[in-house]
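Trainee: My structure is in model.cif, and what it holds is mmCIF, C-alpha atoms:
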data_my_file
#
loop_
_atom_site.label_atom_id
_atom_site.label_comp_id
_atom_site.auth_asym_id
_atom_site.auth_seq_id
_atom_site.Cartn_x
_atom_site.Cartn_y
_atom_site.Cartn_z
CA MET A 1 -46.91 -89.74 -11.64
CA LYS A 2 -44.67 -90.87 -14.50
CA ILE A 3 -42.29 -88.46 -16.26
CA ARG A 4 -40.60 -89.50 -19.50
CA THR A 5 -37.66 -87.71 -21.09
CA PHE A 6 -38.30 -89.39 -24.47
CA ASN A 7 -40.51 -86.45 -25.48
CA TYR A 8 -37.46 -84.15 -25.57
CA TYR A 9 -35.71 -86.41 -28.09
CA LYS A 10 -38.76 -87.11 -30.29
CA THR A 11 -37.97 -84.44 -32.91
CA THR A 12 -34.35 -85.50 -33.31
CA ILE A 13 -35.30 -89.17 -33.54
CA THR A 14 -37.98 -88.40 -36.15
CA VAL A 15 -35.59 -86.36 -38.30
CA PHE A 16 -32.91 -89.07 -38.29
CA LEU A 17 -35.48 -91.80 -38.90
CA ALA A 18 -36.74 -89.87 -41.94
CA LEU A 19 -33.15 -89.49 -43.19
CA GLY A 20 -32.62 -93.25 -42.88
CA VAL A 21 -35.82 -94.03 -44.78
CA LEU A 22 -34.96 -91.48 -47.50
CA LEU A 23 -31.51 -93.03 -47.89
CA ASN A 24 -33.09 -96.46 -48.38
CA ILE A 25 -35.55 -95.13 -50.95
CA PHE A 26 -32.76 -93.33 -52.83
CA ALA A 27 -30.56 -96.44 -52.74
CA PHE A 28 -33.42 -98.61 -54.02
CA ILE A 29 -34.12 -96.21 -56.89
CA MET A 30 -30.41 -96.15 -57.78
CA ALA A 31 -30.21 -99.95 -57.57
CA VAL A 32 -33.18 -100.40 -59.91
CA ASP A 33 -31.87 -97.73 -62.28
CA ILE A 34 -28.39 -99.22 -62.67
CA ASP A 35 -29.57 -102.81 -62.15
CA GLU A 36 -27.01 -103.35 -59.38
CA TYR A 37 -28.71 -104.35 -56.10
CA ILE A 38 -25.52 -104.63 -54.06
CA PHE A 39 -25.69 -100.84 -53.59
CA PHE A 40 -29.12 -101.25 -51.96
CA TYR A 41 -27.91 -104.04 -49.65
CA TYR A 42 -25.02 -101.89 -48.41
CA SER A 43 -27.33 -98.96 -47.76
CA ILE A 44 -29.58 -100.91 -45.36
CA PRO A 45 -27.14 -101.12 -42.41
CA ILE A 46 -25.95 -97.56 -43.04
CA SER A 47 -29.50 -96.22 -43.01
CA LEU A 48 -30.28 -98.18 -39.83
CA VAL A 49 -27.31 -96.60 -38.08
CA ILE A 50 -28.43 -93.16 -39.27
CA ALA A 51 -32.02 -93.80 -38.18
CA PHE A 52 -31.05 -94.95 -34.69
CA PHE A 53 -28.15 -92.52 -34.22
CA PRO A 54 -29.96 -90.28 -31.66
CA ILE A 55 -30.98 -93.30 -29.59
CA ILE A 56 -27.42 -94.69 -29.73
CA ILE A 57 -25.98 -91.35 -28.59
CA ASP A 58 -28.65 -90.37 -26.02
CA TYR A 59 -29.79 -93.73 -24.65
CA LYS A 60 -28.44 -92.78 -21.21
CA HIS A 61 -30.78 -89.82 -20.96
CA ILE A 62 -33.95 -91.44 -22.31
CA ILE A 63 -35.38 -92.45 -18.95
CA SER A 64 -38.68 -92.50 -17.12
CA VAL A 65 -39.17 -91.37 -13.54
CA HIS A 66 -41.95 -92.61 -11.28
CA LEU A 67 -42.85 -90.06 -8.60
CA ASP A 68 -45.10 -90.42 -5.59
CA HIS A 69 -45.22 -88.85 -2.11
CA GLU A 70 -42.66 -91.26 -0.66
CA LYS A 71 -40.05 -91.82 -3.37
CA ALA A 72 -38.82 -91.30 -6.91
CA ILE A 73 -37.55 -94.20 -9.01
CA SER A 74 -35.77 -93.81 -12.34
CA TYR A 75 -35.79 -96.45 -15.07
CA SER A 76 -33.66 -96.75 -18.19
CA LEU A 77 -34.94 -96.98 -21.76
CA LEU A 78 -35.06 -100.77 -21.38
CA ASN A 79 -36.98 -100.48 -18.08
CA LYS A 80 -33.99 -101.30 -15.83
CA LYS A 81 -34.17 -99.69 -12.39
CA LEU A 82 -31.42 -97.09 -12.12
CA CYS A 83 -31.94 -95.23 -8.85
CA GLN A 84 -34.38 -94.71 -6.00
CA VAL A 85 -34.59 -91.56 -3.88
CA ASN A 86 -36.58 -91.84 -0.65
CA PHE A 87 -38.34 -88.61 0.28
CA LYS A 88 -38.60 -89.53 3.97
CA ASP A 89 -34.80 -89.18 4.20
CA THR A 90 -32.87 -85.98 3.51
CA VAL A 91 -33.16 -85.06 -0.18
CA PHE A 92 -30.60 -82.89 -1.93
CA TYR A 93 -31.77 -81.14 -5.07
CA SER A 94 -30.64 -78.61 -7.62
CA PHE A 95 -32.08 -76.95 -10.72
CA PHE A 96 -30.29 -76.51 -14.04
CA ASP A 97 -31.11 -75.85 -17.71
CA VAL A 98 -30.58 -78.19 -20.67
CA LYS A 99 -30.77 -77.09 -24.29
CA PHE A 100 -31.99 -79.73 -26.69
CA LEU A 101 -31.61 -79.78 -30.45
CA TYR A 102 -34.54 -77.95 -32.13
CA ALA A 103 -35.86 -76.63 -28.80
CA THR A 104 -35.46 -73.95 -26.19
CA SER A 105 -33.81 -74.56 -22.82
CA VAL A 106 -35.69 -76.83 -20.43
CA LYS A 107 -35.46 -76.57 -16.66
CA PHE A 108 -34.43 -79.85 -15.01
CA ILE A 109 -34.18 -80.90 -11.39
CA ALA A 110 -31.65 -83.32 -9.92
CA VAL A 111 -32.56 -85.15 -6.69
CA SER A 112 -30.55 -87.51 -4.52
CA ASN A 113 -30.31 -88.81 -0.96
CA GLU A 114 -26.57 -88.09 -1.10
CA PRO A 115 -25.00 -84.61 -1.38
CA PHE A 116 -23.77 -83.80 -4.88
CA LEU A 117 -22.21 -80.91 -6.75
CA CYS A 118 -24.14 -79.75 -9.77
CA ASP A 119 -21.48 -78.12 -11.93
CA GLU A 120 -23.52 -76.96 -14.92
CA ASN A 121 -21.35 -74.71 -17.03
CA CYS A 122 -22.74 -75.55 -20.45
CA LYS A 123 -26.21 -75.48 -21.92
CA SER A 124 -26.15 -78.37 -24.38
CA SER A 125 -26.74 -82.08 -23.89
CA PHE A 126 -23.96 -82.76 -26.40
CA LYS A 127 -21.29 -80.93 -24.37
CA ARG A 128 -19.78 -81.91 -21.08
CA GLY A 129 -21.78 -80.72 -18.13
CA PHE A 130 -23.82 -82.03 -15.26
CA TYR A 131 -26.58 -83.43 -17.49
CA GLY A 132 -24.05 -85.39 -19.53
CA SER A 133 -22.04 -86.78 -16.64
CA TYR A 134 -24.14 -87.25 -13.50
CA ASP A 135 -24.13 -90.60 -11.69
CA GLN A 136 -27.41 -92.33 -12.56
CA LYS A 137 -27.02 -94.78 -9.66
CA SER A 138 -27.28 -92.06 -7.01
CA ILE A 139 -28.97 -89.08 -8.72
CA ILE A 140 -32.30 -88.83 -10.52
CA VAL A 141 -32.61 -86.08 -13.14
CA PHE A 142 -35.89 -85.16 -14.81
CA PRO A 143 -37.64 -82.14 -16.32
CA TYR A 144 -39.10 -79.76 -13.77
CA ASN A 145 -42.56 -78.50 -14.56
CA THR A 146 -44.43 -76.11 -12.29
CA ASP A 147 -47.64 -77.92 -13.28
CA TYR A 148 -46.61 -80.87 -11.10
CA PRO A 149 -48.34 -80.09 -7.76
CA LEU A 150 -46.57 -83.04 -6.12
CA LEU A 151 -43.14 -81.49 -6.78
CA ARG A 152 -44.19 -78.08 -5.45
CA THR A 153 -45.36 -79.76 -2.25
CA LEU A 154 -42.19 -81.82 -1.88
CA LEU A 155 -39.86 -78.84 -2.45
CA ASN A 156 -41.35 -77.17 0.64
CA ASP A 157 -40.61 -80.22 2.81
CA LYS A 158 -38.11 -79.62 5.62
CA ASN A 159 -36.06 -82.68 4.51
CA TRP A 160 -35.26 -81.13 1.12
CA ARG A 161 -31.95 -79.24 0.82
CA ASN A 162 -30.96 -77.15 -2.20
CA THR A 163 -27.33 -77.82 -3.14
CA ARG A 164 -27.17 -74.44 -4.92
CA GLY A 165 -24.22 -75.79 -6.87
CA CYS A 166 -25.42 -75.10 -10.39
CA LYS A 167 -24.00 -72.11 -12.23
CA HIS A 168 -26.51 -70.55 -14.60
#
What would the structure in this file look like if it were written as structure tokens?
Mentor:
Amino acid sequence: MKIRTFNYYKTTITVFLALGVLLNIFAFIMAVDIDEYIFFYYSIPISLVIAFFPIIIDYKHIISVHLDHEKAISYSLLNKKLCQVNFKDTVFYSFFDVKFLYATSVKFIAVSNEPFLCDENCKSSFKRGFYGSYDQKSIIVFPYNTDYPLLRTLLNDKNWRNTRGCKH
């Protein structure tokens, strides 16, 4: 099973992409109107930065997680392997909520083969908290959905230990 966090950033990316395109259109209209194209050329890099702003800010959290019965592997946006958690070993896990822009809170799960403290005292991905500062080399974080039968089965495994460290 493959879980992607890109879906949670889709709205924000779309809004900023539209803003970048609108800025380019406005700059082109202004450049044609005043017959001064230098204004348009300066607007191109600015609109690109605006369009890709959410990806620049949230690239760390736009990951994909591959789950099966034996392990979970997380990959970065550029498909670089970040972490692997083996389910045959002891697995430490914890639940916490993340609030995204333009959306309600989403329940996430953090899993690792090493004990960790999930200190979640804020509900936004833009503020400091566990979601913004966890170690991607030893912990895998992904959205928890009760529709994933594999996760329900794994959570009942005797090797899984709840860290109970998150404050909700």
Trainee: Report, in Å to a single decimal, how far apart atom CA of A:Ile56 and atom CA of A:Ser94 are.
Mentor: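 Atom CA of A:Ser94 sits 27.5 Å away from atom CA of A:Ile56.
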Trainee: Going by the chain IDs and residue numbers used in this file, which residues fall under the PyMOL selection byres ((chain A and resi 22-24) around 12)? Write them as an NGL selection string.
Mentor: :A and (15-21 or 25-31 or 37 or 39-51)
Trainee: Using all atoms listed in the file, determine which residues lie at most 9 Å from A:Asn159, disregarding the query and same-chain residues fewer than 2 positions distant; provide the list as a short mmCIF file (atom, residue, chain, number, x, y, z; two decimals) with C-alpha atoms, keeping the file's coordinate frame.
Mentor:
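The new file result_14.cif reads:
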data_model
loop_
_atom_site.label_atom_id
_atom_site.label_comp_id
_atom_site.auth_asym_id
_atom_site.auth_seq_id
_atom_site.Cartn_x
_atom_site.Cartn_y
_atom_site.Cartn_z
CA PHE A 87 -38.34 -88.61 0.28
CA LYS A 88 -38.60 -89.53 3.97
CA ASP A 89 -34.80 -89.18 4.20
CA THR A 90 -32.87 -85.98 3.51
CA VAL A 91 -33.16 -85.06 -0.18
CA PHE A 92 -30.60 -82.89 -1.93
CA LEU A 154 -42.19 -81.82 -1.88
CA LEU A 155 -39.86 -78.84 -2.45
CA ASN A 156 -41.35 -77.17 0.64
CA ASP A 157 -40.61 -80.22 2.81
CA ARG A 161 -31.95 -79.24 0.82
#
Trainee: Do a neighbour search on A:Ile73 at 6 Å with only C-alpha atoms, toss out local chain neighbours closer than 4 positions, and write the hits as an mmCIF file with C-alpha atoms, in the frame of the given file.
Mentor:
data_model
loop_
_atom_site.group_PDB
_atom_site.id
_atom_site.type_symbol
_atom_site.label_atom_id
_atom_site.label_comp_id
_atom_site.auth_asym_id
_atom_site.auth_seq_id
_atom_site.Cartn_x
_atom_site.Cartn_y
_atom_site.Cartn_z
ATOM 1 C CA VAL A 65 -39.170 -91.370 -13.540
ATOM 2 C CA HIS A 66 -41.950 -92.610 -11.280
ATOM 3 C CA CYS A 83 -31.940 -95.230 -8.850
ATOM 4 C CA GLN A 84 -34.380 -94.710 -6.000
#
Trainee: Find the distance between atom CA of A:Lys2 and atom CA of A:Ser64 and write it in Å to one decimal.
Mentor: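 Computing it gives 6.7 Å between the two atoms.
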Trainee: Any chance you could resolve the PyMOL selection byres ((chain A and resi 141-152) around 8) against this file and give the residues as a list in words?
Mentor: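 So the PyMOL selection byres ((chain A and resi 141-152) around 8), applied here, picks out Ile3, Arg4, Thr5, Val65, Asp68, His69, Val106, Lys107, Phe108, Ile109, Ala110, Val111, Tyr131, Ile139, Ile140, Thr153, Leu154, Leu155 and Asn156 of chain A.
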Trainee: Calculated over only C-alpha atoms, which of the candidates A:Tyr75, A:Phe100, A:Tyr93, A:Trp160 has the smallest distance to A:Leu117?
Mentor: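 Checking each of A:Tyr75, A:Phe100, A:Tyr93, A:Trp160 against A:Leu117, counting only C-alpha atoms, the winner is A:Tyr93.
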Trainee: What is the atom CA of A:Val85 to atom CA of A:Tyr9 distance in Å?
Mentor: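 Computed distance, atom CA of A:Val85 to atom CA of A:Tyr9, equals 24.8 Å.
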Trainee: For A:Ser76, please output as a PyMOL selection string all residues within 10 Å (counting only C-alpha atoms; exclusion window: fewer than 4 positions along the same chain).
Mentor: chain A and resi 59-65+80-83+136
Trainee: Taking all atoms of stretch 152-164 of chain A that the file lists, what box with edges along x, y and z, padded by 6 Å per side, do you get, with centre and edge lengths in Å to one decimal, as lines of an AutoDock Vina configuration file?
Mentor:
center_x = -36.3
center_y = -78.6
center_z = 0.1
size_x = 30.2
size_y = 20.2
size_z = 23.1
